[in-house]
Number of protein chains: 2
Amino acid sequence: MKQVSEKVVSRLIIYRKYLKELLADGQKSIFSHKISAYTGASAAQVRRDLMNVGYNGTPVKGYNIKDLMTSISEFLEKENTIEVAIVGFGNLGKSIVDYCNGRNSRLSISAAFDTDPNKINRVIHGCHCYANTEMETIIKENKVEVAILAVPREDAQKVADKLVACGIKGILNYSPTRLQVPANIYVENRDMLMALEKVAYFANNVHGGKNK
Amino acid sequence: MKQVSEKVVSRLIIYRKYLKELLADGQKSIFSHKISAYTGASAAQVRRDLMNVGYNGTPVKGYNIKDLMTSISEFLEKENTIEVAIVGFGNLGKSIVDYCNGRNSRLSISAAFDTDPNKINRVIHGCHCYANTEMETIIKENKVEVAILAVPREDAQKVADKLVACGIKGILNYSPTRLQVPANIYVENRDMLMALEKVAYFANNVHGGKNK
DNA sequence: TTCGTAGTGTGAAAACGTTAACAGTGTTAT
DNA sequence: ATAACACTGTTAACGTTTTCACACTACGAA
Ligand SMILES: NC(=O)c1ccc[n+]([C@@H]2O[C@H](COP(=O)([O-])OP(=O)(O)OC[C@H]3O[C@@H](n4cnc5c(N)ncnc54)[C@H](O)[C@@H]3O)[C@@H](O)[C@H]2O)c1
Ligand SMILES: NC(=O)c1ccc[n+]([C@@H]2O[C@H](COP(=O)([O-])OP(=O)(O)OC[C@H]3O[C@@H](n4cnc5c(N)ncnc54)[C@H](O)[C@@H]3O)[C@@H](O)[C@H]2O)c1
């Protein structure tokens, strides 16, 4: 299978989102330079990125929005549904589930884990909360591949180790801990303070405003 | 002033965080290959990144942790304090303020804005919430340079336009809207669903686990 | 003092990502 | 039918980022 970079994947996700908006708007087709104007990538880059997904547009008409969306989705999510679990069902955890679930038909946050007895066995935002002790069973039974980490700093590494032991392959980490994991596990860190520090730097060191 | 790339800034922020941990641990000095092991950047890259901040280590002893931290901070935050405002003081907004404030002595989220009368003029997590109508006054008076956007999708663009008109130079955007802003405004988008989609992709397309 | 060691700083090479340029191609107008 | 057009797909040039490799240096040991 063709290997593509993080940057390409990130942009494809952005394109898909734009296409979704266009579709909701009733549009049928779109040109690379329009996608470019909206997303900030150059038109050449849009076309080049789309080469990866194996969908061909036509001159004059451009890309059929529906078909292109389908192709991007098939490229990004080969399996029909990817199961996601969230660990730490506090303020942040609940917000994430509320926001994400239902917005991508191939991604489903179907289980939460927490240590708080008040949360265990409750269903919040359509997501069942289990005790941490059930982690292995639930993850293996439901073939969960991706986990979102939203536990306090001091527990993050311990929980990550456990998730890895259960066979998780990717972690979206909202805790401020920099996780140490085996090389085949993909980690995306989303520390909010670091994000703010980065914006603060570039706000004071103008940089052309290129949006990643 | 030396122009450095987004990637360098992101890594410097990561290094600084690690240094902070080391200092809390009572350590005095550190080698590039140790920073490398923790952060995922190669040792050569660590050294190269540090060239930008103008601090020199010594062979055998490596880098003095305290001095290096100071140099990085002087590089990242030239001004003594950078004022930040948050717009949308809901679940997410409150969490962000709670988490970020007090963790970087040069960044301060000192004002919130909301349209909800129940929040206006209340102080939550040490942050005063103002009505949107006071935005221009407060931002200009307090020299706020950076804004965090945590309002619902439908209002995000409108609020961003207003922030730009008030003189904001950088936006950390947690709304799912892709903002259209002038080229000199720096925007960092942090859509949670997109982050999850990215992790889901790389969980299924192993990639060496390189943490960005 | 002299040597060996284990680090740093950095120029040069390699890898990677982006942009430019253009041939090829449906579509439309004539 | 044919020509003009406005786009796509793709190759090659370009620019940026990362790695390599090594001269240099502070220190500790003998
Ligand atoms: N709140 C934010 O916006 C924000 C921002 C940046 C970072 N963070 C980080 O995200 C994490 C969660 O933030 P929050 O605001 O949701 O906090 P929270 O206290 O509301 O939620 C934490 C949840 O994790 C659960 N938990 C604790 N230990 C656990 C364990 N070992 N296994 C499973 N669950 C466990 C708790 O019972 C609680 O429900 C923290 O690390 C925080 O530093 C939060
Ligand atoms: N909750 C999350 O974790 C999460 C995740 C991803 C994205 N988001 C996005 O972040 C935004 C906020 O999420 P939330 O969970 O905090 O929602 P929320 O409803 O709790 O908070 C939204 C807040 O914004 C205020 N608001 C509405 N319009 C405003 C305006 N024009 N000016 C100023 N304030 C205004 C509301 O009064 C409310 O206090 C939404 O766009 C949501 O889609 C949230």
# chains A, B, ... in the order shown; residues from 1 in each chain; ligands from 1
$ closest_atom_pairs --of "chain A" --to "ligand 2" --cutoff "7 Å" --atoms "only C-alpha atoms and all ligand atoms" --output "CSV"
residue,atom,partner,partner_atom_place_in_ligand_line,distance
A:Leu92,CA,ligand 2,3 (O),5.9
A:Ser95,CA,ligand 2,3 (O),3.8
A:Ile96,CA,ligand 2,3 (O),4.3
A:Tyr99,CA,ligand 2,5 (C),5.1
$ write_last_selection --atoms "N, CA, C and O atoms" --output "short mmCIF file (atom, residue, chain, number, x, y, z; two decimals), in the first residue's frame"
data_model
loop_
_atom_site.label_atom_id
_atom_site.label_comp_id
_atom_site.auth_asym_id
_atom_site.auth_seq_id
_atom_site.Cartn_x
_atom_site.Cartn_y
_atom_site.Cartn_z
N LEU A 92 -13.43 16.88 30.08
CA LEU A 92 -12.89 16.86 28.73
C LEU A 92 -13.38 15.62 27.98
O LEU A 92 -13.86 15.71 26.84
N SER A 95 -16.95 15.93 26.83
CA SER A 95 -17.07 16.90 25.73
C SER A 95 -16.64 16.28 24.41
O SER A 95 -17.27 16.48 23.38
N ILE A 96 -15.55 15.53 24.46
CA ILE A 96 -15.03 14.95 23.24
C ILE A 96 -16.02 13.96 22.64
O ILE A 96 -16.32 13.98 21.44
N TYR A 99 -18.95 15.73 21.17
CA TYR A 99 -18.65 16.42 19.92
C TYR A 99 -18.38 15.46 18.76
O TYR A 99 -18.86 15.68 17.64
#
$ residues_near_ligand --ligand "ligand 1" --cutoff "10 Å" --atoms "only C-alpha atoms (C1' of nucleotides) and all ligand atoms" --output "PyMOL selection string"
(chain A and resi 86-96+112-120+130-133+135+149-160+173-177+190-194) or (chain B and resi 91-100)
$ interface_residues --of "chain D" --to "chain B" --cutoff "7 Å" --atoms "only C-alpha atoms (C1' of nucleotides)" --output "MDAnalysis selection string"
chainID D and resid 25:27
$ interface_residues --of "chain C" --to "chain B" --cutoff "8 Å" --atoms "only C-alpha atoms (C1' of nucleotides)" --output "PDB file with C-alpha atoms (C1' of nucleotides), in the first residue's frame"
ATOM      1  C1'  DA C   6      32.187  11.783  25.317  1.00  0.00           C
ATOM      2  C1'  DG C   7      30.060  15.389  24.388  1.00  0.00           C
ATOM      3  C1'  DT C   8      28.923  19.949  21.277  1.00  0.00           C
ATOM      4  C1'  DG C   9      28.423  22.934  16.896  1.00  0.00           C
TER       5       DG C   9
END
$ interface_residues --of "chain B" --to "chain A" --cutoff "6 Å" --atoms "only C-alpha atoms" --output "list in words"
Leu76, Cys100, Lys169, Gly170, Ala183, Asn184, Ile185, Tyr186, Leu193, Val199, Tyr201, Ala203, Gly208 and Gly209 of chain B
$ write_last_selection --atoms "N, CA, C and O atoms" --output "mmCIF file, in the first residue's frame"
data_model
loop_
_atom_site.group_PDB
_atom_site.id
_atom_site.type_symbol
_atom_site.label_atom_id
_atom_site.label_comp_id
_atom_site.auth_asym_id
_atom_site.auth_seq_id
_atom_site.Cartn_x
_atom_site.Cartn_y
_atom_site.Cartn_z
ATOM 1 N N LEU B 76 11.190 32.258 23.009
ATOM 2 C CA LEU B 76 9.784 32.029 22.664
ATOM 3 C C LEU B 76 8.883 33.190 23.036
ATOM 4 O O LEU B 76 7.962 33.530 22.294
ATOM 5 N N CYS B 100 -4.728 25.859 31.682
ATOM 6 C CA CYS B 100 -3.570 26.638 31.217
ATOM 7 C C CYS B 100 -3.080 27.680 32.214
ATOM 8 O O CYS B 100 -1.871 27.897 32.337
ATOM 9 N N LYS B 169 -3.648 39.096 17.036
ATOM 10 C CA LYS B 169 -2.688 38.654 16.028
ATOM 11 C C LYS B 169 -2.597 37.134 15.867
ATOM 12 O O LYS B 169 -2.051 36.637 14.880
ATOM 13 N N GLY B 170 -3.109 36.401 16.850
ATOM 14 C CA GLY B 170 -3.090 34.937 16.741
ATOM 15 C C GLY B 170 -4.341 34.333 17.339
ATOM 16 O O GLY B 170 -4.890 34.866 18.306
ATOM 17 N N ALA B 183 -3.846 37.366 5.925
ATOM 18 C CA ALA B 183 -2.642 36.536 5.904
ATOM 19 C C ALA B 183 -1.711 36.778 7.088
ATOM 20 O O ALA B 183 -0.937 35.913 7.454
ATOM 21 N N ASN B 184 -1.797 37.937 7.714
ATOM 22 C CA ASN B 184 -0.867 38.214 8.814
ATOM 23 C C ASN B 184 -1.367 37.718 10.173
ATOM 24 O O ASN B 184 -0.710 37.918 11.191
ATOM 25 N N ILE B 185 -2.526 37.089 10.186
ATOM 26 C CA ILE B 185 -3.060 36.531 11.437
ATOM 27 C C ILE B 185 -2.705 35.052 11.489
ATOM 28 O O ILE B 185 -2.968 34.308 10.541
ATOM 29 N N TYR B 186 -2.134 34.627 12.585
ATOM 30 C CA TYR B 186 -1.750 33.225 12.715
ATOM 31 C C TYR B 186 -2.890 32.437 13.351
ATOM 32 O O TYR B 186 -3.383 32.796 14.417
ATOM 33 N N LEU B 193 -12.203 16.150 16.138
ATOM 34 C CA LEU B 193 -12.585 15.043 15.263
ATOM 35 C C LEU B 193 -11.485 14.788 14.235
ATOM 36 O O LEU B 193 -11.119 13.644 13.949
ATOM 37 N N VAL B 199 -5.347 9.959 13.856
ATOM 38 C CA VAL B 199 -4.851 8.838 14.651
ATOM 39 C C VAL B 199 -5.407 7.529 14.106
ATOM 40 O O VAL B 199 -4.682 6.535 13.982
ATOM 41 N N TYR B 201 -6.222 6.795 11.135
ATOM 42 C CA TYR B 201 -5.510 6.422 9.913
ATOM 43 C C TYR B 201 -4.165 5.771 10.242
ATOM 44 O O TYR B 201 -3.868 4.680 9.763
ATOM 45 N N ALA B 203 -3.069 4.497 12.978
ATOM 46 C CA ALA B 203 -3.175 3.264 13.757
ATOM 47 C C ALA B 203 -3.275 2.070 12.810
ATOM 48 O O ALA B 203 -2.809 0.981 13.118
ATOM 49 N N GLY B 208 6.120 3.775 11.863
ATOM 50 C CA GLY B 208 7.318 4.005 12.647
ATOM 51 C C GLY B 208 7.063 4.711 13.963
ATOM 52 O O GLY B 208 7.942 4.857 14.783
ATOM 53 N N GLY B 209 5.841 5.154 14.157
ATOM 54 C CA GLY B 209 5.477 5.746 15.448
ATOM 55 C C GLY B 209 6.142 7.075 15.736
ATOM 56 O O GLY B 209 6.172 7.515 16.860
#
$ select_by_dssp --residues "chain A" --states "strand (DSSP E)" --output "MDAnalysis selection string"
chainID A and resid 29:30 63:64 82:87 107:114 123:124 127:131 144:149 170:173 186:189
$ residues_around --residues "DA4 (chain D)" --least-positions-apart "6" --cutoff "10 Å" --atoms "only C-alpha atoms (C1' of nucleotides)" --output "JSON, numbers by chain"
{"C": [28, 29, 30]}
$ select_by_dssp --residues "region 39-88 of chain B" --states "alpha helix (DSSP H)" --output "number ranges by chain"
B: 39, 43-53, 65-76
$ decode --residues "chain C" --atoms "C-alpha atoms (C1' of nucleotides)" --output "mmCIF file, in the first residue's frame"
data_model
loop_
_atom_site.group_PDB
_atom_site.id
_atom_site.type_symbol
_atom_site.label_atom_id
_atom_site.label_comp_id
_atom_site.auth_asym_id
_atom_site.auth_seq_id
_atom_site.Cartn_x
_atom_site.Cartn_y
_atom_site.Cartn_z
ATOM 1 C "C1'" DT C 1 51.007 17.399 31.796
ATOM 2 C "C1'" DT C 2 49.265 14.636 28.465
ATOM 3 C "C1'" DC C 3 45.800 11.591 26.765
ATOM 4 C "C1'" DG C 4 41.384 9.545 26.051
ATOM 5 C "C1'" DT C 5 36.660 10.291 26.156
ATOM 6 C "C1'" DA C 6 32.187 11.783 25.317
ATOM 7 C "C1'" DG C 7 30.060 15.389 24.388
ATOM 8 C "C1'" DT C 8 28.923 19.949 21.277
ATOM 9 C "C1'" DG C 9 28.423 22.934 16.896
ATOM 10 C "C1'" DT C 10 28.016 22.883 12.194
ATOM 11 C "C1'" DG C 11 28.917 22.398 7.007
ATOM 12 C "C1'" DA C 12 27.525 19.191 3.536
ATOM 13 C "C1'" DA C 13 24.649 15.504 1.897
ATOM 14 C "C1'" DA C 14 20.353 13.205 1.796
ATOM 15 C "C1'" DA C 15 15.537 13.011 2.325
ATOM 16 C "C1'" DC C 16 11.391 15.073 2.076
ATOM 17 C "C1'" DG C 17 7.741 18.327 0.773
ATOM 18 C "C1'" DT C 18 6.163 22.045 -2.351
ATOM 19 C "C1'" DT C 19 5.640 24.565 -6.505
ATOM 20 C "C1'" DA C 20 5.932 25.270 -11.440
ATOM 21 C "C1'" DA C 21 5.070 24.057 -15.845
ATOM 22 C "C1'" DC C 22 2.999 21.752 -19.338
ATOM 23 C "C1'" DA C 23 1.058 17.887 -22.088
ATOM 24 C "C1'" DG C 24 -3.307 15.613 -22.277
ATOM 25 C "C1'" DT C 25 -8.386 15.838 -22.242
ATOM 26 C "C1'" DG C 26 -13.487 16.353 -21.687
ATOM 27 C "C1'" DT C 27 -16.677 20.157 -22.779
ATOM 28 C "C1'" DT C 28 -18.634 23.902 -25.157
ATOM 29 C "C1'" DA C 29 -19.164 27.175 -28.811
ATOM 30 C "C1'" DT C 30 -18.974 27.931 -33.491
#
